[in-house]
file structure.tsv (TSV, C-alpha atoms)
chain	number	residue	atom	x	y	z
A	1	MET	CA	118.15	132.33	92.52
A	2	ASN	CA	119.18	128.70	92.35
A	3	ILE	CA	116.90	126.89	94.77
A	4	GLN	CA	119.62	124.36	95.52
A	5	ASN	CA	121.85	127.07	96.97
A	6	LYS	CA	119.17	129.15	98.57
A	7	LYS	CA	120.04	130.06	102.14
A	8	LYS	CA	117.23	129.25	104.51
A	9	SER	CA	116.16	132.06	106.82
A	10	THR	CA	113.28	132.59	109.20
A	11	LYS	CA	110.19	133.59	107.27
A	12	LYS	CA	109.08	137.16	107.88
A	13	VAL	CA	105.30	137.30	107.84
A	14	PHE	CA	104.93	140.50	109.84
A	15	ALA	CA	104.92	143.67	107.79
A	16	LYS	CA	106.76	146.78	108.97
A	17	THR	CA	103.42	148.46	109.61
A	18	ASP	CA	102.67	145.95	112.36
A	19	ARG	CA	105.00	147.82	114.72
A	20	LEU	CA	103.83	151.20	115.93
A	21	ILE	CA	107.25	152.47	116.96
A	22	ASN	CA	110.44	152.76	114.95
A	23	ASN	CA	112.85	149.87	115.48
A	24	ASN	CA	115.46	152.38	116.67
A	25	ASP	CA	113.34	152.91	119.78
A	26	GLN	CA	113.77	149.27	120.84
A	27	GLU	CA	117.18	150.04	122.36
A	28	ASN	CA	115.75	153.11	124.10
A	29	PHE	CA	113.09	150.97	125.74
A	30	LEU	CA	115.67	148.49	126.97
A	31	LEU	CA	117.86	151.24	128.40
A	32	ASN	CA	115.32	153.71	129.75
A	33	ASP	CA	112.00	151.95	130.29
A	34	SER	CA	112.84	148.32	131.11
A	35	GLU	CA	110.25	148.12	133.89
A	36	ASN	CA	107.52	148.43	131.26
A	37	ILE	CA	108.86	145.51	129.21
A	38	GLY	CA	107.71	141.93	129.69
A	39	ARG	CA	106.84	138.63	128.08
A	40	VAL	CA	103.28	137.72	127.14
A	41	ILE	CA	102.34	134.62	129.15
A	42	THR	CA	98.60	134.48	128.40
A	43	SER	CA	96.57	135.42	125.35
A	44	THR	CA	92.81	135.12	125.08
A	45	GLY	CA	92.68	136.96	121.76
A	46	SER	CA	91.46	140.19	123.36
A	47	PHE	CA	93.23	140.33	126.70
A	48	TYR	CA	96.81	139.51	127.63
A	49	ILE	CA	98.88	138.94	130.74
A	50	VAL	CA	102.43	140.26	130.53
A	51	LYS	CA	105.04	139.19	133.08
A	52	THR	CA	107.89	141.61	133.72
A	53	LYS	CA	111.46	140.74	134.68
A	54	GLN	CA	110.57	141.93	138.17
A	55	GLY	CA	107.95	139.16	138.35
A	56	GLU	CA	104.91	141.44	138.16
A	57	SER	CA	101.92	140.27	136.10
A	58	ILE	CA	100.25	143.06	134.13
A	59	ASN	CA	96.79	142.81	132.56
A	60	CYS	CA	96.97	144.33	129.09
A	61	VAL	CA	95.02	145.06	125.94
A	62	VAL	CA	96.42	145.87	122.52
A	63	LYS	CA	96.62	149.51	121.52
A	64	GLY	CA	93.87	150.25	119.01
A	65	LYS	CA	96.13	151.12	116.09
A	66	PHE	CA	97.29	147.51	115.93
A	67	ARG	CA	93.83	146.66	114.65
A	68	ILE	CA	94.11	148.89	111.59
A	69	ALA	CA	97.73	148.27	110.63
A	70	GLY	CA	96.92	145.85	107.82
A	71	ILE	CA	97.72	142.82	109.96
A	72	LYS	CA	96.84	139.52	108.35
A	73	THR	CA	96.70	137.56	111.61
A	74	THR	CA	93.92	136.79	114.05
A	75	ASN	CA	96.23	137.75	116.90
A	76	PRO	CA	98.61	140.70	116.66
A	77	VAL	CA	100.25	139.63	119.91
A	78	ALA	CA	101.16	136.04	120.79
A	79	VAL	CA	102.27	134.16	123.87
A	80	GLY	CA	106.06	134.37	124.07
A	81	ASP	CA	106.24	137.88	122.60
A	82	MET	CA	108.42	140.45	124.33
A	83	VAL	CA	106.41	143.67	124.43
A	84	HIS	CA	106.46	147.21	125.72
A	85	PHE	CA	103.34	148.48	127.49
A	86	ILE	CA	102.00	151.79	128.75
A	87	LYS	CA	100.21	152.14	132.08
A	88	LEU	CA	97.39	154.67	131.94
A	89	ASP	CA	96.09	156.46	135.05
A	90	GLY	CA	92.68	155.21	136.06
A	91	ASN	CA	92.69	152.40	133.50
A	92	GLU	CA	92.40	148.79	134.64
A	93	PHE	CA	94.45	147.55	131.68
A	94	ALA	CA	97.83	148.65	130.40
A	95	GLN	CA	98.21	149.06	126.64
A	96	ILE	CA	100.67	147.03	124.56
A	97	ASP	CA	102.12	149.48	122.05
A	98	TYR	CA	105.20	147.68	120.75
A	99	ILE	CA	106.23	144.10	119.89
A	100	PHE	CA	109.94	143.37	119.97
A	101	GLU	CA	111.36	141.48	117.03
A	102	ARG	CA	110.65	137.76	117.25
A	103	LYS	CA	113.48	135.25	116.88
A	104	ASN	CA	110.99	132.64	115.64
A	105	TYR	CA	107.38	131.56	115.85
A	106	ILE	CA	104.93	128.81	114.96
A	107	ILE	CA	101.93	129.74	112.82
A	108	ARG	CA	98.94	127.93	111.39
A	109	LYS	CA	96.06	128.59	109.06
A	110	SER	CA	93.28	130.52	110.70
A	111	VAL	CA	89.69	129.35	110.81
A	112	ASN	CA	88.74	133.02	110.58
A	113	LEU	CA	88.16	133.63	106.87
A	114	SER	CA	89.00	137.34	107.18
A	115	LYS	CA	92.55	136.53	108.27
A	116	LEU	CA	95.26	134.40	106.71
A	117	TYR	CA	96.84	132.80	109.74
A	118	SER	CA	97.27	132.87	113.49
A	119	ILE	CA	100.50	132.88	115.46
A	120	VAL	CA	100.54	129.93	117.86
A	121	ALA	CA	103.52	131.15	119.92
A	122	SER	CA	106.82	132.99	119.53
A	123	ASN	CA	110.41	133.07	120.80
A	124	ILE	CA	110.48	129.31	121.31
A	125	ASP	CA	113.62	127.44	122.37
A	126	MET	CA	112.13	124.01	121.65
A	127	ALA	CA	108.80	122.75	120.35
A	128	PHE	CA	107.55	119.41	121.63
A	129	LEU	CA	105.10	117.78	119.26
A	130	ILE	CA	102.99	115.50	121.45
A	131	ILE	CA	101.55	112.59	119.49
A	132	SER	CA	99.81	109.33	120.26
A	133	CYS	CA	99.65	105.97	118.51
A	134	LYS	CA	96.25	105.12	119.97
A	135	GLN	CA	93.16	107.06	121.08
A	136	PRO	CA	93.76	109.16	119.02
A	137	ARG	CA	96.29	107.90	116.48
A	138	THR	CA	98.36	110.76	115.06
A	139	ASP	CA	99.02	110.36	111.35
A	140	THR	CA	102.30	111.19	109.66
A	141	MET	CA	100.77	113.96	107.54
A	142	PHE	CA	99.96	115.95	110.68
A	143	ILE	CA	103.47	115.30	112.00
A	144	ASP	CA	105.12	116.37	108.76
A	145	ARG	CA	103.02	119.51	108.39
A	146	PHE	CA	104.10	120.55	111.87
A	147	LEU	CA	107.77	119.67	111.34
A	148	VAL	CA	107.87	121.51	108.00
A	149	THR	CA	106.35	124.60	109.62
A	150	ALA	CA	108.76	124.41	112.58
A	151	ASP	CA	111.76	123.99	110.29
A	152	ALA	CA	110.71	126.87	108.06
A	153	TYR	CA	110.50	129.23	111.03
A	154	ASN	CA	113.67	127.96	112.72
A	155	VAL	CA	112.01	126.27	115.67
A	156	PRO	CA	113.84	123.12	116.90
A	157	CYS	CA	111.46	120.23	117.48
A	158	THR	CA	111.32	117.06	119.54
A	159	ILE	CA	108.65	114.38	119.03
A	160	VAL	CA	106.99	112.96	122.14
A	161	ILE	CA	105.09	109.68	121.71
A	162	ASN	CA	102.69	109.79	124.66
A	163	LYS	CA	100.18	107.44	126.33
A	164	THR	CA	102.45	104.42	125.86
A	165	ASP	CA	100.74	102.59	128.73
A	166	ILE	CA	97.66	101.89	126.58
A	167	TYR	CA	99.44	100.58	123.49
A	168	ASP	CA	98.58	97.16	122.11
A	169	GLU	CA	100.79	95.29	119.66
A	170	ASP	CA	99.58	97.29	116.67
A	171	SER	CA	100.18	100.61	118.47
A	172	GLN	CA	103.65	99.52	119.53
A	173	MET	CA	104.51	98.62	115.94
A	174	TYR	CA	103.29	102.01	114.76
A	175	ALA	CA	105.36	103.74	117.46
A	176	ALA	CA	108.46	101.82	116.35
A	177	TYR	CA	107.71	102.72	112.73
A	178	LEU	CA	107.49	106.44	113.55
A	179	THR	CA	110.64	106.29	115.64
A	180	ASP	CA	112.56	104.71	112.80
A	181	ILE	CA	111.41	107.38	110.33
A	182	TYR	CA	112.05	110.45	112.45
A	183	GLU	CA	115.17	109.45	114.36
A	184	ASN	CA	116.81	108.58	111.05
A	185	ILE	CA	116.39	112.15	109.83
A	186	GLY	CA	117.69	113.73	113.02
A	187	TYR	CA	114.68	114.28	115.28
A	188	GLU	CA	114.78	113.20	118.91
A	189	VAL	CA	111.87	110.92	119.83
A	190	LEU	CA	110.82	110.50	123.47
A	191	PHE	CA	108.32	108.02	124.93
A	192	THR	CA	106.10	109.12	127.81
A	193	SER	CA	103.16	108.04	129.90
A	194	ALA	CA	101.55	110.17	132.57
A	195	SER	CA	99.88	107.08	134.06
A	196	ASN	CA	103.05	105.18	134.95
A	197	GLY	CA	105.64	107.95	134.78
A	198	ILE	CA	107.60	106.53	131.84
A	199	GLY	CA	109.89	109.17	130.33
A	200	ILE	CA	108.67	112.02	132.54
A	201	ASN	CA	112.05	112.73	134.16
A	202	GLN	CA	113.71	112.64	130.75
A	203	LEU	CA	111.13	115.10	129.43
A	204	LYS	CA	111.64	117.41	132.42
A	205	GLU	CA	115.36	117.54	131.70
A	206	ARG	CA	114.64	118.70	128.16
A	207	LEU	CA	112.37	121.45	129.48
A	208	LYS	CA	114.71	123.03	132.00
A	209	SER	CA	115.86	126.61	131.42
A	210	ARG	CA	113.95	126.81	128.13
A	211	ILE	CA	110.79	128.32	126.73
A	212	CYS	CA	109.04	125.31	125.25
A	213	LEU	CA	105.91	124.83	123.19
A	214	PHE	CA	103.60	121.84	123.62
A	215	SER	CA	101.46	121.16	120.56
A	216	GLY	CA	99.54	118.30	119.02
A	217	ASN	CA	96.13	116.92	118.18
A	218	SER	CA	93.37	117.21	120.74
A	219	GLY	CA	93.36	114.23	123.06
A	220	VAL	CA	97.03	113.25	122.85
A	221	GLY	CA	97.58	114.13	126.51
A	222	LYS	CA	99.28	117.54	126.49
A	223	SER	CA	97.35	118.86	129.46
A	224	THR	CA	97.82	115.67	131.46
A	225	LEU	CA	101.58	115.81	130.93
A	226	ILE	CA	101.64	119.47	131.94
A	227	ASN	CA	99.69	118.74	135.13
A	228	LEU	CA	102.23	116.08	136.03
A	229	ILE	CA	105.22	118.33	135.35
A	230	CYS	CA	103.62	121.49	136.80
A	231	PRO	CA	101.04	120.33	139.39
A	232	GLU	CA	99.83	123.86	140.13
A	233	ALA	CA	98.85	124.32	136.46
A	234	LYS	CA	95.56	122.41	136.91
A	235	GLN	CA	94.96	122.22	133.17
A	236	LYS	CA	91.56	120.82	132.19
A	237	THR	CA	91.48	117.32	130.71
A	238	ALA	CA	88.72	115.35	129.02
A	239	GLU	CA	87.95	111.80	128.04
A	240	ILE	CA	88.56	110.60	124.50
A	241	SER	CA	85.52	110.03	122.34
A	242	SER	CA	85.29	106.29	121.70
A	243	ALA	CA	83.08	106.91	118.69
A	244	HIS	CA	85.51	109.18	116.88
A	245	ASP	CA	88.82	108.29	118.57
A	246	SER	CA	89.45	111.98	119.08
A	247	GLY	CA	89.89	114.31	122.00
A	248	LYS	CA	87.93	117.32	123.13
A	249	HIS	CA	89.48	120.77	123.03
A	250	THR	CA	90.23	121.32	126.74
A	251	THR	CA	92.70	124.17	126.24
A	252	THR	CA	90.84	127.14	124.79
A	253	PHE	CA	93.62	129.72	124.58
A	254	ALA	CA	97.41	129.77	124.65
A	255	THR	CA	99.16	130.27	127.97
A	256	MET	CA	102.66	129.93	129.37
A	257	ILE	CA	102.84	127.75	132.47
A	258	GLN	CA	105.84	128.45	134.68
A	259	HIS	CA	107.23	126.11	137.31
A	260	ASP	CA	110.71	126.68	138.77
A	261	ASP	CA	112.90	127.00	135.65
A	262	ILE	CA	110.38	125.30	133.34
A	263	ASN	CA	108.28	127.41	130.95
A	264	ILE	CA	105.70	125.53	128.88
A	265	ILE	CA	103.46	127.22	126.33
A	266	ASP	CA	100.30	125.13	126.14
A	267	THR	CA	98.18	125.61	123.05
A	268	PRO	CA	94.69	124.54	122.00
A	269	GLY	CA	94.66	121.18	120.26
A	270	VAL	CA	94.57	121.46	116.48
A	271	LYS	CA	93.32	119.11	113.80
A	272	SER	CA	95.83	120.19	111.16
A	273	PHE	CA	98.50	122.72	110.33
A	274	GLY	CA	97.99	124.70	107.16
A	275	MET	CA	100.93	125.80	105.05
A	276	VAL	CA	101.33	129.57	105.31
A	277	GLU	CA	103.26	131.55	102.69
A	278	PHE	CA	105.00	128.45	101.38
A	279	LYS	CA	106.06	128.22	97.77
A	280	LYS	CA	106.14	124.87	96.03
A	281	GLU	CA	109.75	125.30	94.93
A	282	GLU	CA	110.80	125.81	98.58
A	283	LEU	CA	109.03	122.85	100.13
A	284	ALA	CA	111.87	120.31	99.84
A	285	LEU	CA	114.14	122.68	101.77
A	286	TYR	CA	112.12	121.94	104.90
A	287	PHE	CA	112.50	118.17	104.64
A	288	PRO	CA	116.04	117.74	106.08
A	289	GLU	CA	116.71	114.46	104.29
A	290	MET	CA	115.59	115.96	100.97
A	291	LYS	CA	117.55	119.17	101.39
A	292	GLU	CA	120.77	117.13	101.46
A	293	CYS	CA	119.97	115.71	98.02
A	294	LEU	CA	119.01	118.91	96.20
A	295	LYS	CA	122.51	119.64	94.90
A	296	ASP	CA	122.57	116.27	93.11
A	297	CYS	CA	119.37	116.75	91.11
A	298	LYS	CA	119.97	117.11	87.37
A	299	TYR	CA	117.76	120.18	87.08
A	300	TYR	CA	118.00	123.19	89.41
A	301	ASN	CA	114.19	123.65	89.35
A	302	CYS	CA	113.39	119.99	89.90
A	303	THR	CA	110.04	119.40	91.58
A	304	HIS	CA	111.06	115.82	92.50
A	305	THR	CA	107.92	114.41	90.95
A	306	HIS	CA	108.58	113.41	87.34
A	307	GLU	CA	111.95	114.80	86.25
A	308	PRO	CA	114.76	112.48	85.11
A	309	GLY	CA	117.95	112.56	87.15
A	310	CYS	CA	116.13	113.47	90.37
A	311	ALA	CA	118.33	112.65	93.37
A	312	ILE	CA	115.38	112.66	95.76
A	313	LYS	CA	113.41	110.08	93.77
A	314	GLN	CA	116.55	107.95	93.58
A	315	ALA	CA	116.98	108.23	97.36
A	316	VAL	CA	113.40	107.06	97.83
A	317	GLU	CA	114.02	104.07	95.58
A	318	ASN	CA	117.14	103.02	97.46
A	319	GLY	CA	115.53	103.56	100.87
A	320	THR	CA	117.55	106.59	101.99
A	321	ILE	CA	114.36	108.64	102.10
A	322	SER	CA	111.24	106.95	103.46
A	323	HIS	CA	108.31	106.39	101.11
A	324	GLU	CA	106.01	107.77	103.81
A	325	ARG	CA	107.82	111.09	103.98
A	326	TYR	CA	108.07	111.36	100.19
A	327	ASN	CA	104.36	110.61	99.77
A	328	ASN	CA	103.56	113.33	102.31
A	329	TYR	CA	105.82	115.72	100.40
A	330	ILE	CA	103.80	115.03	97.23
A	331	LYS	CA	100.52	115.55	99.09
A	332	LEU	CA	101.75	118.84	100.54
A	333	LEU	CA	103.02	119.92	97.13
A	334	ASN	CA	99.51	119.47	95.73
A	335	ALA	CA	97.61	120.73	98.77
A	336	ASP	CA	95.05	123.49	98.32
A	337	ASP	CA	96.84	125.73	100.83
A	338	MET	CA	100.20	125.53	99.02
A	339	ASN	CA	101.05	128.56	96.88

call {"tool": "encode", "arguments": {"input": "structure.tsv", "output": "structure tokens"}}
result
Amino acid sequence: MNIQNKKKSTKKVFAKTDRLINNNDQENFLLNDSENIGRVITSTGSFYIVKTKQGESINCVVKGKFRIAGIKTTNPVAVGDMVHFIKLDGNEFAQIDYIFERKNYIIRKSVNLSKLYSIVASNIDMAFLIISCKQPRTDTMFIDRFLVTADAYNVPCTIVINKTDIYDEDSQMYAAYLTDIYENIGYEVLFTSASNGIGINQLKERLKSRICLFSGNSGVGKSTLINLICPEAKQKTAEISSAHDSGKHTTTFATMIQHDDINIIDTPGVKSFGMVEFKKEELALYFPEMKECLKDCKYYNCTHTHEPGCAIKQAVENGTISHERYNNYIKLLNADDMN
């Protein structure tokens, strides 16, 4: 298939064996057993809390067969999943026996060597990548890895530059630099500060009536922002290490925090996002500014590295595509975790 004309679709990393019940039964559940359907709002890896449409919170475990279904994830069930569960007489926990089809998800490389990846969250209306330009300073490679992953799995993304109250001249210049790069390729960039309230109302407006994911490096202020938006959340926060300019992992498992019509999935801070099931010839498809140029490359299988007549390299030379983004593309293309 000509890569230039390849239609992008949500990646499917779950095998058919991951579901214990035939897909035809999904409609039966919705029609006949809706009270035992809910959304996963907390995942500790072993135990889950499922909230039903009736507002009831159910403590659940995963039915044992999920563990032997050839699943290549650390977590068969993720926060945001719509699931069916069975209540068993005399059992403290209900059993999740079915995961409804996901519309999208965010995944990352697992630190567990026996598994390929972990699902961060699913069924997301908008992902908010929280970054900082000081204490810690988020680099563009982390940003681009996240954006590429979000784009590949059809998750819309907004960039939030947080902690603006502590920025010196150098940090302000870096923030302006990032804004110029990412706004020019179509991403919304918001500025926030929990200390002085800058941008908080604007952020709240973006969160209303949506299921949103907050993600980013440890220490960028996700939990502090959540506590400001959802005071009852009482998320743990920690000081930044002055020696390493990095944050401590204060969120230890994913959870959905609900406040009025705001639903925020908070996730543990991550150092990097690995590329999962990406092929080198597909990578440029997930850089929006590069995707627009693919049809103009001389060769259909152009890697945009050395070939003559490459439209992407020409766009970099004339400034249409930023050197920073192109350099990150090359690094990702040659990364150890790229297929």

call {"tool": "atom_distance", "arguments": {"input": "structure.tsv", "atom1": "atom CA of Leu147 of chain A", "atom2": "atom CA of Ala194 of chain A"}}
result
24.1 Å

call {"tool": "closest_residue", "arguments": {"input": "structure.tsv", "among": "A:Asp170, A:Glu292, A:Glu205, A:Glu35", "to": "Ala315 of chain A", "atoms": "all atoms listed in the file"}}
result
A:Glu292

call {"tool": "atom_distance", "arguments": {"input": "structure.tsv", "atom1": "atom CA of Leu332 of chain A", "atom2": "atom CA of Glu289 of chain A"}}
result
16.0 Å

call {"tool": "atom_distance", "arguments": {"input": "structure.tsv", "atom1": "atom CA of Val316 of chain A", "atom2": "atom CA of Asp139 of chain A"}}
result
20.0 Å

call {"tool": "closest_residue", "arguments": {"input": "structure.tsv", "among": "A:Ala311, A:Ile211, A:Val155, A:Met338", "to": "Glu281 of chain A", "atoms": "all atoms listed in the file"}}
result
A:Met338

call {"tool": "residues_around", "arguments": {"input": "structure.tsv", "residues": "Thr140 of chain A", "least_positions_apart": "4", "cutoff": "9 Å", "atoms": "only C-alpha atoms", "output": "ChimeraX atom specification"}}
result
/A:144-145,178,324-325,328

call {"tool": "axis_aligned_box", "arguments": {"input": "structure.tsv", "around": "segment 143-157 of chain A", "padding_each_side": "3 Å", "output": "AutoDock Vina command-line options"}}
result
--center_x 108.4 --center_y 122.3 --center_z 112.7 --size_x 16.8 --size_y 19.9 --size_z 15.5
